[in-house]
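Here is the file target09.pdb (PDB, C-alpha atoms).
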```pdb
ATOM      1  CA  MET A 288      76.813 112.623 -88.414
ATOM      2  CA  ASN A 289      73.569 110.819 -89.236
ATOM      3  CA  ILE A 290      73.202 110.104 -92.953
ATOM      4  CA  THR A 291      69.993 108.970 -94.632
ATOM      5  CA  ILE A 292      69.987 107.586 -98.167
ATOM      6  CA  VAL A 293      66.642 107.733 -99.957
ATOM      7  CA  GLY A 294      66.517 104.933-102.514
ATOM      8  CA  LEU A 295      68.673 101.816-102.280
ATOM      9  CA  GLY A 296      69.076 101.116-105.970
ATOM     10  CA  VAL A 297      72.432 100.858-107.679
ATOM     11  CA  ILE A 298      73.376 104.482-106.899
ATOM     12  CA  GLY A 299      72.022 104.602-103.357
ATOM     13  CA  GLY A 300      73.424 101.170-102.606
ATOM     14  CA  SER A 301      76.822 102.250-103.901
ATOM     15  CA  PHE A 302      76.684 105.312-101.650
ATOM     16  CA  ALA A 303      75.897 103.106 -98.660
ATOM     17  CA  MET A 304      78.897 100.902 -99.481
ATOM     18  CA  ALA A 305      81.150 103.913 -99.981
ATOM     19  CA  PHE A 306      80.097 105.448 -96.656
ATOM     20  CA  HIS A 307      80.733 102.125 -94.927
ATOM     21  CA  GLU A 308      84.215 101.848 -96.430
ATOM     22  CA  ALA A 309      84.956 105.448 -95.448
ATOM     23  CA  GLY A 310      84.120 104.734 -91.811
ATOM     24  CA  PHE A 311      80.717 106.405 -91.501
ATOM     25  CA  GLU A 312      78.745 104.318 -89.009
ATOM     26  CA  ASP A 313      75.394 106.099 -88.692
ATOM     27  CA  VAL A 314      73.987 105.483 -92.157
ATOM     28  CA  TYR A 315      70.281 104.830 -92.625
ATOM     29  CA  ALA A 316      68.116 104.128 -95.660
ATOM     30  CA  VAL A 317      64.611 104.717 -96.932
ATOM     31  CA  ASP A 318      63.231 102.443 -99.639
ATOM     32  CA  LEU A 319      59.830 101.030-100.502
ATOM     33  CA  ASN A 320      61.499  97.688-101.247
ATOM     34  CA  LYS A 321      61.904  95.982 -97.892
ATOM     35  CA  GLU A 322      64.119  93.307 -99.450
ATOM     36  CA  SER A 323      66.666  95.958-100.443
ATOM     37  CA  ILE A 324      66.709  97.284 -96.876
ATOM     38  CA  ALA A 325      67.139  93.765 -95.479
ATOM     39  CA  LYS A 326      70.031  93.104 -97.886
ATOM     40  CA  ALA A 327      71.744  96.354 -96.939
ATOM     41  CA  LYS A 328      71.396  95.594 -93.238
ATOM     42  CA  ASN A 329      72.723  92.042 -93.698
ATOM     43  CA  MET A 330      75.686  93.454 -95.612
ATOM     44  CA  GLY A 331      76.359  95.833 -92.744
ATOM     45  CA  ILE A 332      76.306  98.933 -94.960
ATOM     46  CA  ILE A 333      73.398 100.604 -93.144
ATOM     47  CA  LYS A 334      72.498 100.772 -89.493
ATOM     48  CA  ASP A 335      68.777 100.576 -90.122
ATOM     49  CA  GLY A 336      66.162 101.291 -92.755
ATOM     50  CA  SER A 337      62.455 101.718 -93.353
ATOM     51  CA  ASP A 338      59.840 102.204 -96.037
ATOM     52  CA  ASN A 339      58.613 105.176 -93.974
ATOM     53  CA  ALA A 340      60.785 108.230 -94.606
ATOM     54  CA  LYS A 341      59.754 110.277 -91.556
ATOM     55  CA  GLU A 342      61.720 108.309 -88.966
ATOM     56  CA  PHE A 343      65.108 108.654 -90.599
ATOM     57  CA  LEU A 344      64.643 112.099 -92.115
ATOM     58  CA  GLU A 345      64.013 113.566 -88.673
ATOM     59  CA  ILE A 346      67.454 112.490 -87.428
ATOM     60  CA  ALA A 347      69.466 113.020 -90.627
ATOM     61  CA  ASP A 348      72.166 115.678 -90.826
ATOM     62  CA  LEU A 349      72.723 114.685 -94.461
ATOM     63  CA  VAL A 350      70.079 113.309 -96.819
ATOM     64  CA  ILE A 351      71.046 111.885-100.205
ATOM     65  CA  ILE A 352      68.067 111.439-102.530
ATOM     66  CA  CYS A 353      68.761 108.620-104.999
ATOM     67  CA  ILE A 354      65.394 108.184-106.682
ATOM     68  CA  TYR A 355      64.105 108.940-110.185
ATOM     69  CA  PRO A 356      63.874 112.675-110.956
ATOM     70  CA  ARG A 357      60.121 112.512-111.542
ATOM     71  CA  ILE A 358      59.602 111.154-107.999
ATOM     72  CA  ILE A 359      61.737 113.726-106.180
ATOM     73  CA  LYS A 360      59.090 116.456-106.332
ATOM     74  CA  ASN A 361      56.430 114.276-104.707
ATOM     75  CA  PHE A 362      58.923 113.027-102.140
ATOM     76  CA  MET A 363      59.837 116.571-101.119
ATOM     77  CA  MET A 364      56.172 117.629-100.934
ATOM     78  CA  GLU A 365      55.210 114.621 -98.825
ATOM     79  CA  ASN A 366      58.134 115.050 -96.444
ATOM     80  CA  LYS A 367      58.617 118.825 -96.284
ATOM     81  CA  ASN A 368      57.859 118.813 -92.552
ATOM     82  CA  ASN A 369      59.981 115.764 -91.739
ATOM     83  CA  PHE A 370      63.501 117.111 -92.260
ATOM     84  CA  LYS A 371      65.783 117.949 -89.368
ATOM     85  CA  ASP A 372      66.469 121.662 -88.933
ATOM     86  CA  GLY A 373      69.720 122.598 -90.649
ATOM     87  CA  ALA A 374      69.992 119.366 -92.616
ATOM     88  CA  ILE A 375      71.952 119.246 -95.861
ATOM     89  CA  VAL A 376      69.920 117.605 -98.625
ATOM     90  CA  THR A 377      71.358 116.600-101.976
ATOM     91  CA  ASP A 378      70.319 114.583-105.008
ATOM     92  CA  VAL A 379      72.032 112.556-107.746
ATOM     93  CA  ALA A 380      69.714 113.272-110.688
ATOM     94  CA  GLY A 381      71.140 113.387-114.206
ATOM     95  CA  ILE A 382      69.073 116.445-115.193
ATOM     96  CA  LYS A 383      69.043 119.705-113.257
ATOM     97  CA  GLY A 384      67.325 122.665-114.944
ATOM     98  CA  SER A 385      63.777 121.340-114.899
ATOM     99  CA  LEU A 386      64.240 119.677-111.489
ATOM    100  CA  ILE A 387      65.467 122.859-109.803
ATOM    101  CA  LYS A 388      62.508 124.800-111.210
ATOM    102  CA  GLU A 389      60.089 122.161-109.929
ATOM    103  CA  LEU A 390      61.561 122.210-106.431
ATOM    104  CA  ASP A 391      62.124 125.954-106.110
ATOM    105  CA  ASP A 392      58.967 126.610-104.077
ATOM    106  CA  ILE A 393      58.901 123.212-102.379
ATOM    107  CA  ILE A 394      62.249 122.990-100.592
ATOM    108  CA  PRO A 395      61.694 123.689 -96.873
ATOM    109  CA  ASP A 396      63.344 126.809 -95.473
ATOM    110  CA  ASN A 397      65.004 124.828 -92.684
ATOM    111  CA  VAL A 398      67.226 122.716 -94.997
ATOM    112  CA  ASP A 399      69.966 123.444 -97.512
ATOM    113  CA  PHE A 400      69.323 121.555-100.761
ATOM    114  CA  ILE A 401      72.611 121.308-102.686
ATOM    115  CA  PHE A 402      71.980 119.825-106.119
ATOM    116  CA  GLY A 403      74.614 117.297-107.184
ATOM    117  CA  HIS A 404      75.452 114.656-109.745
ATOM    118  CA  PRO A 405      78.060 111.915-109.223
ATOM    119  CA  MET A 406      79.554 111.096-112.608
ATOM    120  CA  ALA A 407      79.628 107.396-111.931
ATOM    121  CA  GLY A 408      77.231 104.518-111.907
ATOM    122  CA  ARG A 409      76.451 101.122-113.269
ATOM    123  CA  GLU A 410      74.584  99.997-116.354
ATOM    124  CA  ASN A 411      72.303  97.707-114.317
ATOM    125  CA  LYS A 412      69.763  98.588-111.651
ATOM    126  CA  GLY A 413      69.182  97.449-108.087
ATOM    127  CA  ILE A 414      71.306  97.061-104.982
ATOM    128  CA  ASP A 415      72.674  93.728-106.241
ATOM    129  CA  HIS A 416      74.729  95.694-108.772
ATOM    130  CA  ALA A 417      75.913  98.367-106.341
ATOM    131  CA  THR A 418      79.619  98.856-105.667
ATOM    132  CA  ALA A 419      81.707 101.529-103.950
ATOM    133  CA  GLU A 420      84.392 101.048-106.597
ATOM    134  CA  CYS A 421      82.448 103.049-109.194
ATOM    135  CA  TYR A 422      83.012 106.227-107.168
ATOM    136  CA  LYS A 423      86.761 105.908-106.776
ATOM    137  CA  GLY A 424      88.514 108.433-109.005
ATOM    138  CA  ALA A 425      85.227 109.687-110.462
ATOM    139  CA  ASN A 426      84.079 113.274-110.986
ATOM    140  CA  TYR A 427      81.280 114.934-109.025
ATOM    141  CA  LEU A 428      79.261 117.912-110.243
ATOM    142  CA  LEU A 429      77.721 120.379-107.791
ATOM    143  CA  ILE A 430      75.270 123.001-108.995
ATOM    144  CA  ASP A 431      75.811 126.616-107.991
ATOM    145  CA  THR A 432      72.658 128.234-106.631
ATOM    146  CA  GLU A 433      72.238 131.430-104.635
ATOM    147  CA  ARG A 434      70.370 129.665-101.856
ATOM    148  CA  ASN A 435      73.237 127.428-100.681
ATOM    149  CA  ASP A 436      75.341 128.136 -97.600
ATOM    150  CA  ASP A 437      79.080 128.141 -98.371
ATOM    151  CA  ASP A 438      79.961 126.212 -95.197
ATOM    152  CA  ASN A 439      77.467 123.497 -96.086
ATOM    153  CA  VAL A 440      78.882 123.227 -99.600
ATOM    154  CA  LEU A 441      82.404 122.870 -98.184
ATOM    155  CA  LEU A 442      81.213 120.188 -95.748
ATOM    156  CA  LEU A 443      79.491 118.241 -98.523
ATOM    157  CA  GLN A 444      82.609 118.520-100.683
ATOM    158  CA  ALA A 445      84.758 117.122 -97.863
ATOM    159  CA  ILE A 446      82.400 114.152 -97.509
ATOM    160  CA  ILE A 447      82.396 113.539-101.260
ATOM    161  CA  TYR A 448      86.199 113.402-101.306
ATOM    162  CA  LYS A 449      86.171 110.922 -98.410
ATOM    163  CA  LEU A 450      84.052 108.600-100.549
ATOM    164  CA  GLY A 451      86.835 108.410-103.142
ATOM    165  CA  PHE A 452      85.773 110.948-105.744
ATOM    166  CA  LYS A 453      88.733 112.597-107.451
ATOM    167  CA  ARG A 454      87.378 115.943-108.630
ATOM    168  CA  ILE A 455      84.439 118.203-107.734
ATOM    169  CA  ILE A 456      83.304 120.790-110.276
ATOM    170  CA  ARG A 457      80.809 123.542-109.466
ATOM    171  CA  ILE A 458      78.743 124.624-112.457
ATOM    172  CA  SER A 459      75.408 126.202-113.362
ATOM    173  CA  SER A 460      72.347 124.055-113.970
ATOM    174  CA  ASP A 461      72.175 125.178-117.603
ATOM    175  CA  PHE A 462      75.767 124.188-118.329
ATOM    176  CA  HIS A 463      75.258 120.917-116.450
ATOM    177  CA  ASP A 464      72.427 119.897-118.743
ATOM    178  CA  GLN A 465      74.346 120.976-121.844
ATOM    179  CA  ILE A 466      77.554 119.099-121.025
ATOM    180  CA  ILE A 467      75.768 116.018-119.671
ATOM    181  CA  ALA A 468      73.841 115.760-122.932
ATOM    182  CA  PHE A 469      77.200 115.238-124.631
ATOM    183  CA  THR A 470      79.260 113.300-122.077
ATOM    184  CA  SER A 471      76.538 111.019-120.733
ATOM    185  CA  HIS A 472      73.259 111.048-122.639
ATOM    186  CA  LEU A 473      74.732 110.929-126.152
ATOM    187  CA  PRO A 474      77.026 107.935-125.422
ATOM    188  CA  HIS A 475      73.998 106.016-124.170
ATOM    189  CA  VAL A 476      72.078 106.924-127.335
ATOM    190  CA  MET A 477      75.051 105.777-129.429
ATOM    191  CA  ALA A 478      75.338 102.444-127.581
ATOM    192  CA  VAL A 479      71.603 101.753-127.870
ATOM    193  CA  SER A 480      71.605 102.672-131.556
ATOM    194  CA  LEU A 481      74.632 100.484-132.279
ATOM    195  CA  ILE A 482      73.036  97.479-130.602
ATOM    196  CA  ASN A 483      69.697  98.054-132.309
ATOM    197  CA  SER A 484      71.317  98.452-135.747
ATOM    198  CA  ASP A 485      72.584  94.874-135.571
ATOM    199  CA  VAL A 486      71.053  92.245-137.835
ATOM    200  CA  GLU A 487      68.888  89.823-135.891
ATOM    201  CA  ALA A 488      70.072  86.207-135.625
ATOM    202  CA  ARG A 489      73.612  87.054-136.754
ATOM    203  CA  ASN A 490      75.103  85.555-133.580
ATOM    204  CA  THR A 491      77.117  88.715-133.019
ATOM    205  CA  GLU A 492      78.232  87.546-129.578
ATOM    206  CA  ILE A 493      80.540  84.893-131.037
ATOM    207  CA  TYR A 494      82.237  87.353-133.388
ATOM    208  CA  MET A 495      82.585  90.486-131.271
ATOM    209  CA  GLY A 496      85.824  91.815-129.865
ATOM    210  CA  GLY A 497      86.675  94.332-127.199
ATOM    211  CA  SER A 498      85.745  97.364-129.266
ATOM    212  CA  TYR A 499      82.136  96.255-129.756
ATOM    213  CA  ARG A 500      81.878  95.129-126.135
ATOM    214  CA  ASP A 501      83.186  98.470-124.820
ATOM    215  CA  ALA A 502      81.121 100.560-127.220
ATOM    216  CA  THR A 503      77.868  98.835-126.243
ATOM    217  CA  ARG A 504      78.414  98.388-122.487
ATOM    218  CA  VAL A 505      75.919 101.063-121.478
ATOM    219  CA  ALA A 506      73.257  99.698-123.818
ATOM    220  CA  ASP A 507      72.417  97.362-120.923
ATOM    221  CA  ILE A 508      70.235 100.174-119.686
ATOM    222  CA  ASN A 509      67.585 101.033-117.115
ATOM    223  CA  GLU A 510      64.951 101.897-119.682
ATOM    224  CA  ASP A 511      62.568 103.686-117.301
ATOM    225  CA  LEU A 512      65.221 105.995-115.875
ATOM    226  CA  TRP A 513      66.930 106.773-119.172
ATOM    227  CA  THR A 514      63.699 107.471-121.032
ATOM    228  CA  GLU A 515      63.012 110.047-118.320
ATOM    229  CA  LEU A 516      66.507 111.529-118.577
ATOM    230  CA  PHE A 517      66.447 111.735-122.376
ATOM    231  CA  LEU A 518      63.067 113.479-122.456
ATOM    232  CA  GLY A 519      63.972 115.727-119.526
ATOM    233  CA  ASN A 520      67.005 117.016-121.426
ATOM    234  CA  LYS A 521      65.493 116.748-124.894
ATOM    235  CA  GLU A 522      66.611 120.034-126.470
ATOM    236  CA  ASN A 523      70.245 119.689-125.410
ATOM    237  CA  LEU A 524      70.292 116.032-126.447
ATOM    238  CA  LEU A 525      68.811 116.777-129.875
ATOM    239  CA  GLU A 526      71.527 119.367-130.461
ATOM    240  CA  VAL A 527      74.419 117.001-129.694
ATOM    241  CA  ILE A 528      72.785 114.188-131.699
ATOM    242  CA  ASP A 529      72.665 116.552-134.677
ATOM    243  CA  ASP A 530      76.353 117.441-134.207
ATOM    244  CA  PHE A 531      77.287 113.764-133.986
ATOM    245  CA  MET A 532      75.273 112.831-137.071
ATOM    246  CA  ALA A 533      76.917 115.680-138.996
ATOM    247  CA  GLU A 534      80.350 114.325-138.069
ATOM    248  CA  MET A 535      79.262 110.815-139.095
ATOM    249  CA  GLY A 536      78.107 112.295-142.398
ATOM    250  CA  ARG A 537      81.533 113.849-143.009
ATOM    251  CA  PHE A 538      83.203 110.529-142.160
ATOM    252  CA  ARG A 539      80.879 108.695-144.546
ATOM    253  CA  GLU A 540      81.599 111.192-147.308
ATOM    254  CA  ASP A 541      85.370 110.757-146.946
ATOM    255  CA  LEU A 542      84.930 106.990-146.970
ATOM    256  CA  ALA A 543      82.634 107.016-149.990
ATOM    257  CA  LYS A 544      85.139 109.118-151.937
ATOM    258  CA  GLY A 545      88.003 106.861-150.886
ATOM    259  CA  ASP A 546      89.818 109.914-149.516
ATOM    260  CA  LYS A 547      92.683 108.274-147.677
ATOM    261  CA  VAL A 548      94.289 111.581-146.656
ATOM    262  CA  ALA A 549      91.061 112.959-145.155
ATOM    263  CA  LEU A 550      90.336 109.731-143.272
ATOM    264  CA  ASN A 551      93.882 109.608-141.934
ATOM    265  CA  LYS A 552      93.637 113.201-140.674
ATOM    266  CA  ARG A 553      90.273 112.499-139.067
ATOM    267  CA  LEU A 554      91.619 109.453-137.207
ATOM    268  CA  LYS A 555      94.794 111.272-136.150
ATOM    269  CA  ARG A 556      92.766 114.173-134.761
ATOM    270  CA  ALA A 557      90.570 111.778-132.777
ATOM    271  CA  THR A 558      93.618 109.999-131.340
ATOM    272  CA  LYS A 559      95.125 113.271-130.093
ATOM    273  CA  ARG A 560      91.863 114.418-128.542
ATOM    274  CA  ARG A 561      91.219 111.051-126.867
ATOM    275  CA  ARG A 562      94.689 110.931-125.340
ATOM    276  CA  ARG A 563      94.137 114.344-123.803
ATOM    277  CA  LEU A 564      91.234 112.889-121.823
ATOM    278  CA  ASN A 565      93.634 110.657-119.902
ATOM    279  CA  LYS A 566      95.698 113.531-118.526
TER     280      LYS A 566
END
```
Before we go any further, please render this structure as structure tokens.
Amino acid sequence: MNITIVGLGVIGGSFAMAFHEAGFEDVYAVDLNKESIAKAKNMGIIKDGSDNAKEFLEIADLVIICIYPRIIKNFMMENKNNFKDGAIVTDVAGIKGSLIKELDDIIPDNVDFIFGHPMAGRENKGIDHATAECYKGANYLLIDTERNDDDNVLLLQAIIYKLGFKRIIRISSDFHDQIIAFTSHLPHVMAVSLINSDVEARNTEIYMGGSYRDATRVADINEDLWTELFLGNKENLLEVIDDFMAEMGRFREDLAKGDKVALNKRLKRATKRRRRLNK
């Protein structure tokens, strides 16, 4: 199987590493950054690469598009005649509803575009921060659409499991955007807000413990990508922000009243719910 990865950033680079570890030998890459391609070749995680997509799309049985959502539409339009007949094409974008609508009339008839979202990644950007480890034990979301061939979906699922992912969930694009607003976008908003609420020149770094470090990890953020994701899922994100702020308001009210019983119940409930996540 010939595999072509479009975009050798942290996600695409991690895919290349994961494919290499899983024993896939015919992995190619497309990236405008020739340095990223040279690094990937020197690391031995791709067979070859180019800044010209045509060459490696024409031979690819599987294409994984790892570029910003706003660029995918133009990429598909520019390369609609370059895909191999029968190729499976997939993406890794963190928003689905608007992307699927944009691509509906653009996807070539000779390929099967299976929309996907690996629930793993790194807080930095670029191939220097890529690692196959982030995919081990992670979840993978695949979007159900009427246009996909069942055999192709099963083949893609088998490949995903070979890369180390633990669980694959097939969901609608609407539910994807709703749940991702809560499980992914909101935690990033919380981390950014926590960091930005700090008092300047307080030397927080010499006083912080593990809780602050863990809570703010994803505030080291790719601002261009995440601005796009937040705005692309704005309505769902606004809803979960409102729910979170309402819960913070109830917490603040209990604290202001000195209601020890209410605070204790709130903490106990959170502990039980958090422990269920580890099962």
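For the structure in this document, the set picked by the PyMOL selection byres ((chain A and resi 387-400) around 9) is Ile359, Lys360, Met363, Met364, Lys367, Asn368, Phe370, Lys371, Asp372, Gly373, Ala374, Ile375, Val376, Thr377, Asp378, Lys383, Gly384, Ser385, Leu386, Ile401, Phe402, Arg434, Asn435, Asp436, Asn439 and Ser460 of chain A.
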For this session: Return as an NGL selection string the set of residues that the PyMOL selection byres ((chain A and resi 332) around 10) yields on the displayed structure.
Result: :A and (300-308 or 311-316 or 324 or 326-331 or 333-335)
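Neighbours of region 488-501 of chain A closer than or equal to 10 Å, with all atoms listed in the file counted and sequence neighbours fewer than 6 positions away skipped, come out as Ala478, Leu481 and Ile482 of chain A.
Distance check against Leu473 (chain A) using all atoms listed in the file: of A:Thr432, A:Asn369, A:Asn426, A:Asn520, the minimum falls on A:Asn520.
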Problem set entry | Residue among A:Gly424, A:Gln444, A:Phe538, A:Ile466 lying closest to Lys552 (chain A), counting all atoms listed in the file | A:Phe538
Which centre and which edge lengths, in Å to one decimal, describe the axis-aligned box that holds all listed atoms of region 475-483 of chain A after 6 Å is added on each side, as JSON?
```
{"center_x": 72.5, "center_y": 102.2, "center_z": -128.2, "size_x": 17.6, "size_y": 21.4, "size_z": 20.1}
```
Fewer than 3 positions away in the same chain doesn't count, so skip those; otherwise give me all residues within 10 Å of Arg357 (chain A), counting only C-alpha atoms, as a PDB file with C-alpha atoms, keeping the file's coordinate frame.
```pdb
ATOM      1  CA  ILE A 354      65.394 108.184-106.682  1.00  0.00           C
ATOM      2  CA  LYS A 360      59.090 116.456-106.332  1.00  0.00           C
ATOM      3  CA  ASN A 361      56.430 114.276-104.707  1.00  0.00           C
ATOM      4  CA  PHE A 362      58.923 113.027-102.140  1.00  0.00           C
ATOM      5  CA  ALA A 380      69.714 113.272-110.688  1.00  0.00           C
ATOM      6  CA  LEU A 386      64.240 119.677-111.489  1.00  0.00           C
ATOM      7  CA  GLU A 389      60.089 122.161-109.929  1.00  0.00           C
ATOM      8  CA  LEU A 512      65.221 105.995-115.875  1.00  0.00           C
ATOM      9  CA  GLU A 515      63.012 110.047-118.320  1.00  0.00           C
ATOM     10  CA  LEU A 516      66.507 111.529-118.577  1.00  0.00           C
ATOM     11  CA  GLY A 519      63.972 115.727-119.526  1.00  0.00           C
TER      12      GLY A 519
END
```
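With distances taken over all atoms listed in the file, A:Tyr427 is the one residue among A:Tyr448, A:Ala468, A:Asp530, A:Tyr427 lying closest to Met406 (chain A).
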Exercise. Do you know which residues the PyMOL selection byres ((chain A and resi 407) around 7) returns on this file, as a ChimeraX atom specification?
Worked result: /A:405-406,408,421-422,425
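Between CA of Leu443 (chain A) and CA of Ile456 (chain A) there is a distance of 12.6 Å.
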For this session: Determine, counting all atoms listed in the file, which protein, DNA and RNA residues have an atom within 9 Å of an atom of Thr291 (chain A); residues of the same chain fewer than 5 positions away are not included. Present the result as a list in words.
Result: Asp313, Val314, Tyr315, Ala316, Val317, Gly336, Phe343, Leu344, Ile346, Ala347, Asp348, Leu349, Val350, Ile351 and Ile352 of chain A
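Residue nearest His475 (chain A), chosen from A:Lys341, A:Lys544, A:His463, A:Arg504 and counting all atoms listed in the file: A:Arg504.
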For this session: Counting all atoms listed in the file, figure out which residue out of A:Ile447, A:Asp464, A:Ala325, A:Val379 gets nearest to Glu522 (chain A).
Result: A:Asp464
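Relative to CA of Ala445 (chain A), CA of Asp415 (chain A) is found at 27.6 Å.
Nearest residue to Ile458 (chain A) among A:Glu487, A:Glu534, A:Asp431, A:Asp529 is A:Asp431, counting only C-alpha atoms.
You will find CA of Arg556 (chain A) at 14.7 Å from CA of Asp541 (chain A).
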Would you give me, as JSON lines, each residue of region 406-471 of chain A having an atom within 6 Å of an atom of region 296-299 of chain A, along with its shortest atom pair and that distance in Å to one decimal, using only C-alpha atoms and sorting by chain and residue number?
```
{"residue": "A:Lys412", "atom": "CA", "partner": "A:Val297", "partner_atom": "CA", "distance": 5.3}
{"residue": "A:Gly413", "atom": "CA", "partner": "A:Gly296", "partner_atom": "CA", "distance": 4.2}
{"residue": "A:Ile414", "atom": "CA", "partner": "A:Gly296", "partner_atom": "CA", "distance": 4.7}
{"residue": "A:His416", "atom": "CA", "partner": "A:Val297", "partner_atom": "CA", "distance": 5.8}
{"residue": "A:Ala417", "atom": "CA", "partner": "A:Val297", "partner_atom": "CA", "distance": 4.5}
```
